[in-house]
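**Student:** Below is the file my_file_27.pdb, which contains PDB, C-alpha atoms.
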```
ATOM      1  CA  MET A   5     -51.829-100.010  14.644  1.00  0.00           C
ATOM      2  CA  LYS A   6     -49.812-100.898  11.533  1.00  0.00           C
ATOM      3  CA  ARG A   7     -49.431-104.599  10.823  1.00  0.00           C
ATOM      4  CA  ILE A   8     -46.044-105.816   9.615  1.00  0.00           C
ATOM      5  CA  ALA A   9     -45.050-108.973   7.768  1.00  0.00           C
ATOM      6  CA  VAL A  10     -41.364-109.891   8.057  1.00  0.00           C
ATOM      7  CA  PHE A  11     -39.790-111.821   5.168  1.00  0.00           C
ATOM      8  CA  ALA A  12     -36.698-113.799   6.198  1.00  0.00           C
ATOM      9  CA  SER A  13     -34.558-116.663   4.911  1.00  0.00           C
ATOM     10  CA  GLY A  14     -32.124-117.449   7.723  1.00  0.00           C
ATOM     11  CA  SER A  15     -31.592-117.707  11.462  1.00  0.00           C
ATOM     12  CA  GLY A  16     -33.855-114.766  12.166  1.00  0.00           C
ATOM     13  CA  SER A  17     -31.909-112.658  14.656  1.00  0.00           C
ATOM     14  CA  ASN A  18     -33.002-109.393  13.006  1.00  0.00           C
ATOM     15  CA  ALA A  19     -36.550-110.703  12.695  1.00  0.00           C
ATOM     16  CA  GLU A  20     -36.622-111.574  16.391  1.00  0.00           C
ATOM     17  CA  ASN A  21     -35.255-108.139  17.268  1.00  0.00           C
ATOM     18  CA  LEU A  22     -38.087-106.533  15.280  1.00  0.00           C
ATOM     19  CA  ILE A  23     -40.754-108.753  16.822  1.00  0.00           C
ATOM     20  CA  ARG A  24     -39.539-108.008  20.352  1.00  0.00           C
ATOM     21  CA  TYR A  25     -39.315-104.263  19.709  1.00  0.00           C
ATOM     22  CA  PHE A  26     -42.972-104.067  18.664  1.00  0.00           C
ATOM     23  CA  LEU A  27     -44.262-106.667  21.140  1.00  0.00           C
ATOM     24  CA  ASP A  28     -45.433-104.325  23.900  1.00  0.00           C
ATOM     25  CA  GLY A  29     -48.034-102.645  21.686  1.00  0.00           C
ATOM     26  CA  THR A  30     -46.834 -99.082  22.358  1.00  0.00           C
ATOM     27  CA  LYS A  31     -44.877 -98.461  19.159  1.00  0.00           C
ATOM     28  CA  GLY A  32     -47.771 -98.023  16.723  1.00  0.00           C
ATOM     29  CA  ALA A  33     -47.089-101.279  14.875  1.00  0.00           C
ATOM     30  CA  SER A  34     -46.764-105.008  15.443  1.00  0.00           C
ATOM     31  CA  VAL A  35     -45.300-107.975  13.577  1.00  0.00           C
ATOM     32  CA  VAL A  36     -48.221-110.251  12.678  1.00  0.00           C
ATOM     33  CA  LEU A  37     -46.598-112.647  10.197  1.00  0.00           C
ATOM     34  CA  VAL A  38     -43.209-114.092   9.266  1.00  0.00           C
ATOM     35  CA  VAL A  39     -42.826-115.404   5.712  1.00  0.00           C
ATOM     36  CA  CYS A  40     -39.877-117.704   5.077  1.00  0.00           C
ATOM     37  CA  ASN A  41     -38.758-119.461   1.896  1.00  0.00           C
ATOM     38  CA  ARG A  42     -36.886-122.250   3.724  1.00  0.00           C
ATOM     39  CA  SER A  43     -38.557-124.826   5.971  1.00  0.00           C
ATOM     40  CA  ASP A  44     -35.319-125.402   7.940  1.00  0.00           C
ATOM     41  CA  ALA A  45     -34.630-121.731   8.742  1.00  0.00           C
ATOM     42  CA  GLY A  46     -34.179-120.740  12.384  1.00  0.00           C
ATOM     43  CA  VAL A  47     -36.453-117.732  12.007  1.00  0.00           C
ATOM     44  CA  ILE A  48     -39.519-120.007  12.070  1.00  0.00           C
ATOM     45  CA  SER A  49     -38.985-121.283  15.607  1.00  0.00           C
ATOM     46  CA  ARG A  50     -37.963-117.814  16.821  1.00  0.00           C
ATOM     47  CA  ALA A  51     -41.197-116.296  15.497  1.00  0.00           C
ATOM     48  CA  GLU A  52     -43.396-119.104  16.792  1.00  0.00           C
ATOM     49  CA  ALA A  53     -41.820-118.837  20.253  1.00  0.00           C
ATOM     50  CA  LEU A  54     -42.942-115.205  20.332  1.00  0.00           C
ATOM     51  CA  GLY A  55     -46.473-116.010  19.179  1.00  0.00           C
ATOM     52  CA  VAL A  56     -46.170-114.745  15.611  1.00  0.00           C
ATOM     53  CA  ASP A  57     -47.814-116.614  12.727  1.00  0.00           C
ATOM     54  CA  THR A  58     -45.390-118.139  10.221  1.00  0.00           C
ATOM     55  CA  ALA A  59     -45.764-119.222   6.610  1.00  0.00           C
ATOM     56  CA  VAL A  60     -43.200-121.316   4.742  1.00  0.00           C
ATOM     57  CA  MET A  61     -43.448-120.324   1.101  1.00  0.00           C
ATOM     58  CA  PRO A  62     -41.044-121.747  -1.482  1.00  0.00           C
ATOM     59  CA  ARG A  63     -39.871-119.429  -4.257  1.00  0.00           C
ATOM     60  CA  ALA A  64     -42.633-120.593  -6.636  1.00  0.00           C
ATOM     61  CA  ASP A  65     -45.341-119.671  -4.108  1.00  0.00           C
ATOM     62  CA  ILE A  66     -43.739-116.307  -3.310  1.00  0.00           C
ATOM     63  CA  ASN A  67     -43.819-115.525  -7.032  1.00  0.00           C
ATOM     64  CA  ASP A  68     -47.476-116.564  -7.348  1.00  0.00           C
ATOM     65  CA  PRO A  69     -49.917-113.663  -6.793  1.00  0.00           C
ATOM     66  CA  SER A  70     -52.808-116.071  -6.242  1.00  0.00           C
ATOM     67  CA  LYS A  71     -51.013-117.513  -3.212  1.00  0.00           C
ATOM     68  CA  MET A  72     -49.102-114.564  -1.783  1.00  0.00           C
ATOM     69  CA  LEU A  73     -51.590-111.731  -1.947  1.00  0.00           C
ATOM     70  CA  PRO A  74     -54.500-113.566  -0.252  1.00  0.00           C
ATOM     71  CA  MET A  75     -52.182-114.676   2.547  1.00  0.00           C
ATOM     72  CA  LEU A  76     -50.906-111.152   3.160  1.00  0.00           C
ATOM     73  CA  GLU A  77     -54.426-109.781   2.981  1.00  0.00           C
ATOM     74  CA  SER A  78     -55.757-112.436   5.368  1.00  0.00           C
ATOM     75  CA  HIS A  79     -53.318-111.030   7.960  1.00  0.00           C
ATOM     76  CA  ALA A  80     -54.294-107.437   7.038  1.00  0.00           C
ATOM     77  CA  VAL A  81     -50.636-106.612   6.369  1.00  0.00           C
ATOM     78  CA  ASP A  82     -49.853-102.900   5.963  1.00  0.00           C
ATOM     79  CA  ALA A  83     -46.086-103.083   5.474  1.00  0.00           C
ATOM     80  CA  ILE A  84     -43.352-105.628   4.753  1.00  0.00           C
ATOM     81  CA  VAL A  85     -39.864-105.718   6.249  1.00  0.00           C
ATOM     82  CA  LEU A  86     -37.097-107.844   4.765  1.00  0.00           C
ATOM     83  CA  ALA A  87     -34.740-109.230   7.412  1.00  0.00           C
ATOM     84  CA  GLY A  88     -32.174-111.438   5.743  1.00  0.00           C
ATOM     85  CA  PHE A  89     -34.505-112.350   2.892  1.00  0.00           C
ATOM     86  CA  LEU A  90     -32.439-113.579  -0.046  1.00  0.00           C
ATOM     87  CA  LEU A  91     -35.034-113.693  -2.839  1.00  0.00           C
ATOM     88  CA  MET A  92     -36.157-110.844  -5.057  1.00  0.00           C
ATOM     89  CA  VAL A  93     -39.521-109.449  -4.023  1.00  0.00           C
ATOM     90  CA  PRO A  94     -41.830-109.968  -7.026  1.00  0.00           C
ATOM     91  CA  PRO A  95     -43.192-106.846  -8.745  1.00  0.00           C
ATOM     92  CA  PHE A  96     -46.819-107.579  -7.831  1.00  0.00           C
ATOM     93  CA  ILE A  97     -45.961-107.286  -4.114  1.00  0.00           C
ATOM     94  CA  ILE A  98     -44.049-104.033  -4.694  1.00  0.00           C
ATOM     95  CA  GLU A  99     -47.087-102.672  -6.565  1.00  0.00           C
ATOM     96  CA  ARG A 100     -49.440-103.765  -3.773  1.00  0.00           C
ATOM     97  CA  TYR A 101     -47.338-102.132  -1.024  1.00  0.00           C
ATOM     98  CA  PRO A 102     -45.780 -99.021  -2.623  1.00  0.00           C
ATOM     99  CA  GLY A 103     -43.317 -97.291  -0.304  1.00  0.00           C
ATOM    100  CA  GLN A 104     -44.088 -99.800   2.433  1.00  0.00           C
ATOM    101  CA  ILE A 105     -41.482-102.527   1.811  1.00  0.00           C
ATOM    102  CA  ILE A 106     -38.279-101.979   3.757  1.00  0.00           C
ATOM    103  CA  ASN A 107     -34.934-103.754   3.546  1.00  0.00           C
ATOM    104  CA  ILE A 108     -31.708-103.568   5.527  1.00  0.00           C
ATOM    105  CA  HIS A 109     -28.329-103.959   3.829  1.00  0.00           C
ATOM    106  CA  PRO A 110     -25.038-104.467   5.719  1.00  0.00           C
ATOM    107  CA  SER A 111     -23.048-101.726   3.969  1.00  0.00           C
ATOM    108  CA  LEU A 112     -23.310 -98.046   3.139  1.00  0.00           C
ATOM    109  CA  LEU A 113     -25.112 -98.239  -0.172  1.00  0.00           C
ATOM    110  CA  PRO A 114     -24.474 -97.656  -3.023  1.00  0.00           C
ATOM    111  CA  LYS A 115     -21.185 -99.294  -2.044  1.00  0.00           C
ATOM    112  CA  PHE A 116     -21.160-103.098  -1.884  1.00  0.00           C
ATOM    113  CA  GLY A 117     -24.718-103.676  -3.007  1.00  0.00           C
ATOM    114  CA  GLY A 118     -26.342-105.706  -5.740  1.00  0.00           C
ATOM    115  CA  LYS A 119     -26.927-109.327  -6.590  1.00  0.00           C
ATOM    116  CA  GLY A 120     -24.888-111.758  -4.499  1.00  0.00           C
ATOM    117  CA  MET A 121     -23.836-109.090  -1.997  1.00  0.00           C
ATOM    118  CA  TYR A 122     -25.193-110.213   1.348  1.00  0.00           C
ATOM    119  CA  GLY A 123     -23.856-111.198   4.759  1.00  0.00           C
ATOM    120  CA  ALA A 124     -20.225-112.296   4.903  1.00  0.00           C
ATOM    121  CA  HIS A 125     -19.713-111.511   1.192  1.00  0.00           C
ATOM    122  CA  VAL A 126     -20.261-107.831   1.951  1.00  0.00           C
ATOM    123  CA  HIS A 127     -17.968-107.684   4.985  1.00  0.00           C
ATOM    124  CA  ARG A 128     -15.186-109.468   3.106  1.00  0.00           C
ATOM    125  CA  ALA A 129     -15.500-107.021   0.204  1.00  0.00           C
ATOM    126  CA  VAL A 130     -15.360-104.040   2.592  1.00  0.00           C
ATOM    127  CA  VAL A 131     -12.113-105.301   4.169  1.00  0.00           C
ATOM    128  CA  GLU A 132     -10.547-106.199   0.819  1.00  0.00           C
ATOM    129  CA  ALA A 133     -11.345-102.731  -0.535  1.00  0.00           C
ATOM    130  CA  GLY A 134      -9.558-101.079   2.391  1.00  0.00           C
ATOM    131  CA  GLU A 135     -12.616 -99.086   3.474  1.00  0.00           C
ATOM    132  CA  ASN A 136     -12.265 -97.094   6.698  1.00  0.00           C
ATOM    133  CA  ARG A 137     -16.013 -96.936   7.359  1.00  0.00           C
ATOM    134  CA  THR A 138     -18.946 -99.226   6.766  1.00  0.00           C
ATOM    135  CA  GLY A 139     -22.388 -99.598   8.249  1.00  0.00           C
ATOM    136  CA  ILE A 140     -26.019-100.301   7.496  1.00  0.00           C
ATOM    137  CA  THR A 141     -28.462 -98.908   4.977  1.00  0.00           C
ATOM    138  CA  ILE A 142     -32.207 -99.136   5.480  1.00  0.00           C
ATOM    139  CA  HIS A 143     -33.990 -98.518   2.217  1.00  0.00           C
ATOM    140  CA  LEU A 144     -37.254 -98.974   0.384  1.00  0.00           C
ATOM    141  CA  VAL A 145     -37.464-101.968  -1.921  1.00  0.00           C
ATOM    142  CA  SER A 146     -37.631-101.488  -5.672  1.00  0.00           C
ATOM    143  CA  GLU A 147     -37.521-103.946  -8.540  1.00  0.00           C
ATOM    144  CA  HIS A 148     -33.703-103.822  -8.553  1.00  0.00           C
ATOM    145  CA  TYR A 149     -31.413-105.180  -5.818  1.00  0.00           C
ATOM    146  CA  ASP A 150     -30.430-102.494  -3.295  1.00  0.00           C
ATOM    147  CA  GLU A 151     -31.491 -99.548  -5.467  1.00  0.00           C
ATOM    148  CA  GLY A 152     -34.583 -98.291  -3.613  1.00  0.00           C
ATOM    149  CA  ALA A 153     -34.677 -94.921  -1.837  1.00  0.00           C
ATOM    150  CA  VAL A 154     -32.306 -94.763   1.137  1.00  0.00           C
ATOM    151  CA  MET A 155     -34.201 -93.898   4.326  1.00  0.00           C
ATOM    152  CA  PHE A 156     -31.532 -94.324   7.007  1.00  0.00           C
ATOM    153  CA  GLN A 157     -27.819 -95.026   7.320  1.00  0.00           C
ATOM    154  CA  ALA A 158     -25.582 -95.590  10.324  1.00  0.00           C
ATOM    155  CA  SER A 159     -21.839 -96.077  10.097  1.00  0.00           C
ATOM    156  CA  THR A 160     -18.959 -97.446  12.112  1.00  0.00           C
ATOM    157  CA  GLU A 161     -15.170 -97.385  11.802  1.00  0.00           C
ATOM    158  CA  VAL A 162     -13.251-100.112  10.020  1.00  0.00           C
ATOM    159  CA  LYS A 163      -9.736-100.338  11.449  1.00  0.00           C
ATOM    160  CA  PRO A 164      -6.789-101.385   9.256  1.00  0.00           C
ATOM    161  CA  ASP A 165      -6.410-104.690  11.112  1.00  0.00           C
ATOM    162  CA  ASP A 166     -10.128-105.558  11.241  1.00  0.00           C
ATOM    163  CA  THR A 167     -11.109-108.951   9.836  1.00  0.00           C
ATOM    164  CA  PRO A 168     -14.419-109.543   8.035  1.00  0.00           C
ATOM    165  CA  GLU A 169     -15.634-111.117  11.294  1.00  0.00           C
ATOM    166  CA  ASP A 170     -14.746-107.950  13.219  1.00  0.00           C
ATOM    167  CA  VAL A 171     -16.653-105.877  10.682  1.00  0.00           C
ATOM    168  CA  GLU A 172     -19.626-108.225  10.933  1.00  0.00           C
ATOM    169  CA  ARG A 173     -19.781-107.754  14.718  1.00  0.00           C
ATOM    170  CA  LYS A 174     -19.731-103.962  14.395  1.00  0.00           C
ATOM    171  CA  VAL A 175     -22.417-103.961  11.705  1.00  0.00           C
ATOM    172  CA  ARG A 176     -24.507-106.364  13.777  1.00  0.00           C
ATOM    173  CA  GLN A 177     -24.510-103.877  16.662  1.00  0.00           C
ATOM    174  CA  LEU A 178     -25.772-101.161  14.333  1.00  0.00           C
ATOM    175  CA  GLU A 179     -28.542-103.475  13.111  1.00  0.00           C
ATOM    176  CA  LEU A 180     -29.680-104.275  16.649  1.00  0.00           C
ATOM    177  CA  GLU A 181     -29.576-100.643  17.696  1.00  0.00           C
ATOM    178  CA  HIS A 182     -31.181 -98.919  14.722  1.00  0.00           C
ATOM    179  CA  PHE A 183     -33.249-101.301  12.582  1.00  0.00           C
ATOM    180  CA  PRO A 184     -36.486-101.546  14.606  1.00  0.00           C
ATOM    181  CA  ARG A 185     -36.673 -97.816  15.309  1.00  0.00           C
ATOM    182  CA  ALA A 186     -35.976 -96.920  11.673  1.00  0.00           C
ATOM    183  CA  VAL A 187     -38.699 -99.346  10.544  1.00  0.00           C
ATOM    184  CA  ARG A 188     -41.129 -97.710  12.927  1.00  0.00           C
ATOM    185  CA  ASP A 189     -40.264 -94.210  11.683  1.00  0.00           C
ATOM    186  CA  ILE A 190     -40.640 -95.196   8.026  1.00  0.00           C
ATOM    187  CA  ILE A 191     -43.919 -97.064   8.485  1.00  0.00           C
ATOM    188  CA  LEU A 192     -45.594 -94.465  10.663  1.00  0.00           C
ATOM    189  CA  THR A 193     -44.310 -91.443   8.716  1.00  0.00           C
ATOM    190  CA  PRO A 194     -43.791 -92.640   5.129  1.00  0.00           C
ATOM    191  CA  THR A 195     -42.433 -89.260   4.031  1.00  0.00           C
ATOM    192  CA  THR A 196     -39.416 -89.571   6.355  1.00  0.00           C
ATOM    193  CA  HIS A 197     -36.281 -88.178   4.749  1.00  0.00           C
ATOM    194  CA  THR A 198     -32.866 -89.775   4.894  1.00  0.00           C
ATOM    195  CA  HIS A 199     -31.320 -89.926   8.353  1.00  0.00           C
ATOM    196  CA  ALA A 200     -27.783 -90.823   9.275  1.00  0.00           C
ATOM    197  CA  ALA A 201     -26.122 -91.862  12.512  1.00  0.00           C
ATOM    198  CA  ASP A 202     -22.404 -92.229  13.110  1.00  0.00           C
ATOM    199  CA  GLU A 203     -20.487 -93.975  15.829  1.00  0.00           C
TER
END
```
Go ahead and render the structure in this file as structure tokens.
**Tutor:**
Amino acid sequence: MKRIAVFASGSGSNAENLIRYFLDGTKGASVVLVVCNRSDAGVISRAEALGVDTAVMPRADINDPSKMLPMLESHAVDAIVLAGFLLMVPPFIIERYPGQIINIHPSLLPKFGGKGMYGAHVHRAVVEAGENRTGITIHLVSEHYDEGAVMFQASTEVKPDDTPEDVERKVRQLELEHFPRAVRDIILTPTTHTHAADE
């Protein structure tokens, strides 16, 4: 059974979706820890309500190997999933978990990625660019924002009259539908090649 730590910074809807997906013990993995860099983030109460250990770690602690690595090792973490985590993952964590740190991005990378491109910023940029499709990209984490190997993409139509809020709702549905299963596939079969799904 693979043991997952989820890193999150916000309300935690994707984190909760992951926790619930793995909760029944039949998927070959379970979420054993949620790491959050903000003490007021909603993800903490969501995780605790589902019986998952939480750790509030400010940026300085996350960047400190003497604090982060022992905590991850004390939970016997095998893989890390970023679910709305807005800090860079420090190199020492990437080195410790090669090919086992997964992120989700709310666009079809390489479009609309990079520093500062998250959440509503992405959806607004998609609409302003006149894109007719957008989606999600699930990728491995590297030392550069949104540049790790792409493992899975799913796309949806953007209509000419869609607002950024409309796009956000469509992307959200893709996240709920695909993220947990893609995480499972990547963690249990690390050589998984790129997959794509279209609506």
**Student:** Apply the PyMOL selection byres ((chain A and resi 53-58) around 6) to the displayed file and report the matching residues as a PyMOL selection string.
**Tutor:** chain A and resi 36-39+49-52+59
**Student:** To one decimal place in Å, what is the distance between CA of Thr30 in chain A and CA of Met72 in chain A?
**Tutor:**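 Interatomic distance here is 28.8 Å.
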**Student:** Is there a way to get, as a PyMOL selection string, all residues within 9 Å of the point (-41.1, -105.1, 15.8) in file coordinates, counting only C-alpha atoms?
**Tutor:** chain A and resi 8+19-27+31+33-35+184-185+187-188
**Student:** Provide the CA of Glu147 in chain A to CA of Glu181 in chain A distance in Å, to one decimal place.
**Tutor:**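 Distance between the two atoms: 27.6 Å.
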**Student:** A:Val81, A:Val47, A:Leu90, A:Leu144: which is nearest Gly103 in chain A, counting all atoms listed in the file?
**Tutor:**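 Looking at the shortest contact to Gly103 in chain A, the residue is A:Leu144.
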**Student:** As an exercise, work out the distance from CA of His109 in chain A to CA of His127 in chain A in Å and give it to one decimal place.
**Tutor:**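 Between CA of His109 in chain A and CA of His127 in chain A the gap works out to 11.1 Å.
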**Student:** Once the PyMOL selection byres ((chain A and resi 162-167) around 12) has been applied to the shown file, what residues remain in the selection, as a short mmCIF file (atom, residue, chain, number, x, y, z; two decimals) with C-alpha atoms, in the frame of the given file?
**Tutor:**
```
data_model
loop_
_atom_site.label_atom_id
_atom_site.label_comp_id
_atom_site.auth_asym_id
_atom_site.auth_seq_id
_atom_site.Cartn_x
_atom_site.Cartn_y
_atom_site.Cartn_z
CA SER A 111 -23.05 -101.73 3.97
CA ALA A 124 -20.23 -112.30 4.90
CA HIS A 127 -17.97 -107.68 4.99
CA ARG A 128 -15.19 -109.47 3.11
CA ALA A 129 -15.50 -107.02 0.20
CA VAL A 130 -15.36 -104.04 2.59
CA VAL A 131 -12.11 -105.30 4.17
CA GLU A 132 -10.55 -106.20 0.82
CA ALA A 133 -11.34 -102.73 -0.54
CA GLY A 134 -9.56 -101.08 2.39
CA GLU A 135 -12.62 -99.09 3.47
CA ASN A 136 -12.26 -97.09 6.70
CA ARG A 137 -16.01 -96.94 7.36
CA THR A 138 -18.95 -99.23 6.77
CA GLY A 139 -22.39 -99.60 8.25
CA SER A 159 -21.84 -96.08 10.10
CA THR A 160 -18.96 -97.45 12.11
CA GLU A 161 -15.17 -97.38 11.80
CA PRO A 168 -14.42 -109.54 8.04
CA GLU A 169 -15.63 -111.12 11.29
CA ASP A 170 -14.75 -107.95 13.22
CA VAL A 171 -16.65 -105.88 10.68
CA GLU A 172 -19.63 -108.22 10.93
CA ARG A 173 -19.78 -107.75 14.72
CA LYS A 174 -19.73 -103.96 14.40
CA VAL A 175 -22.42 -103.96 11.70
CA GLU A 203 -20.49 -93.98 15.83
#
```
**Student:** In the coordinate frame of the file, compute which residues have an atom within 8 Å of (-27.4, -102.7, 4.7) when using all atoms listed in the file, and state them as a list in words.
**Tutor:**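 Returned residue set, sorted by chain then number, is Asn107, Ile108, His109, Pro110, Ser111, Leu112, Leu113, Gly139, Ile140, Thr141 and Ile142 of chain A.
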**Student:** Applying the PyMOL selection byres ((chain A and resi 42) around 10) to the file I just gave you, which residues come out? Please list them as a ChimeraX atom specification.
**Tutor:** /A:12-14,39-41,43-48,59-63
**Student:** For a quick check of understanding, using all atoms listed in the file, which of A:Leu192, A:Glu99, A:His148, A:His143 has the smallest distance to Leu86 in chain A?
**Tutor:**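 That would be A:His143, the residue with the smallest distance to Leu86 in chain A.
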**Student:** Generate the coordinates of N, CA and C atoms for range 62-85 of chain A; report them as a compact mmCIF listing (two decimals), in the frame of the given file.
**Tutor:**
```txt
# COMPACT_ATOMS: atom_id res chain seq x y z
N PRO A 62 -42.15 -121.60 -0.54
CA PRO A 62 -41.04 -121.75 -1.48
C PRO A 62 -41.09 -120.65 -2.55
N ARG A 63 -39.99 -120.51 -3.26
CA ARG A 63 -39.87 -119.43 -4.26
C ARG A 63 -41.06 -119.39 -5.21
N ALA A 64 -41.52 -120.56 -5.67
CA ALA A 64 -42.63 -120.59 -6.64
C ALA A 64 -43.89 -119.98 -6.04
N ASP A 65 -44.16 -120.24 -4.76
CA ASP A 65 -45.34 -119.67 -4.11
C ASP A 65 -45.19 -118.17 -3.90
N ILE A 66 -43.98 -117.74 -3.51
CA ILE A 66 -43.74 -116.31 -3.31
C ILE A 66 -43.96 -115.54 -4.61
N ASN A 67 -43.66 -116.18 -5.73
CA ASN A 67 -43.82 -115.52 -7.03
C ASN A 67 -45.22 -115.70 -7.63
N ASP A 68 -46.12 -116.28 -6.87
CA ASP A 68 -47.48 -116.56 -7.35
C ASP A 68 -48.48 -115.61 -6.67
N PRO A 69 -48.99 -114.62 -7.41
CA PRO A 69 -49.92 -113.66 -6.79
C PRO A 69 -51.14 -114.33 -6.17
N SER A 70 -51.59 -115.44 -6.75
CA SER A 70 -52.81 -116.07 -6.24
C SER A 70 -52.57 -116.74 -4.89
N LYS A 71 -51.32 -116.95 -4.53
CA LYS A 71 -51.01 -117.51 -3.21
C LYS A 71 -50.54 -116.45 -2.23
N MET A 72 -49.68 -115.55 -2.70
CA MET A 72 -49.10 -114.56 -1.78
C MET A 72 -50.08 -113.47 -1.35
N LEU A 73 -50.76 -112.87 -2.31
CA LEU A 73 -51.59 -111.73 -1.95
C LEU A 73 -52.72 -112.10 -0.99
N PRO A 74 -53.46 -113.22 -1.22
CA PRO A 74 -54.50 -113.57 -0.25
C PRO A 74 -53.94 -113.83 1.15
N MET A 75 -52.74 -114.41 1.22
CA MET A 75 -52.18 -114.68 2.55
C MET A 75 -51.83 -113.38 3.26
N LEU A 76 -51.23 -112.44 2.55
CA LEU A 76 -50.91 -111.15 3.16
C LEU A 76 -52.18 -110.41 3.55
N GLU A 77 -53.18 -110.49 2.68
CA GLU A 77 -54.43 -109.78 2.98
C GLU A 77 -55.18 -110.44 4.13
N SER A 78 -55.07 -111.76 4.26
CA SER A 78 -55.76 -112.44 5.37
C SER A 78 -55.18 -112.02 6.72
N HIS A 79 -53.93 -111.55 6.73
CA HIS A 79 -53.32 -111.03 7.96
C HIS A 79 -53.39 -109.50 8.02
N ALA A 80 -54.11 -108.90 7.08
CA ALA A 80 -54.29 -107.44 7.04
C ALA A 80 -52.96 -106.70 7.11
N VAL A 81 -51.99 -107.17 6.34
CA VAL A 81 -50.64 -106.61 6.37
C VAL A 81 -50.63 -105.22 5.75
N ASP A 82 -50.00 -104.27 6.46
CA ASP A 82 -49.85 -102.90 5.96
C ASP A 82 -48.47 -102.63 5.39
N ALA A 83 -47.47 -103.35 5.88
CA ALA A 83 -46.09 -103.08 5.47
C ALA A 83 -45.29 -104.38 5.56
N ILE A 84 -44.21 -104.45 4.79
CA ILE A 84 -43.35 -105.63 4.75
C ILE A 84 -41.93 -105.20 5.06
N VAL A 85 -41.27 -105.98 5.92
CA VAL A 85 -39.86 -105.72 6.25
C VAL A 85 -39.05 -106.96 5.89
```
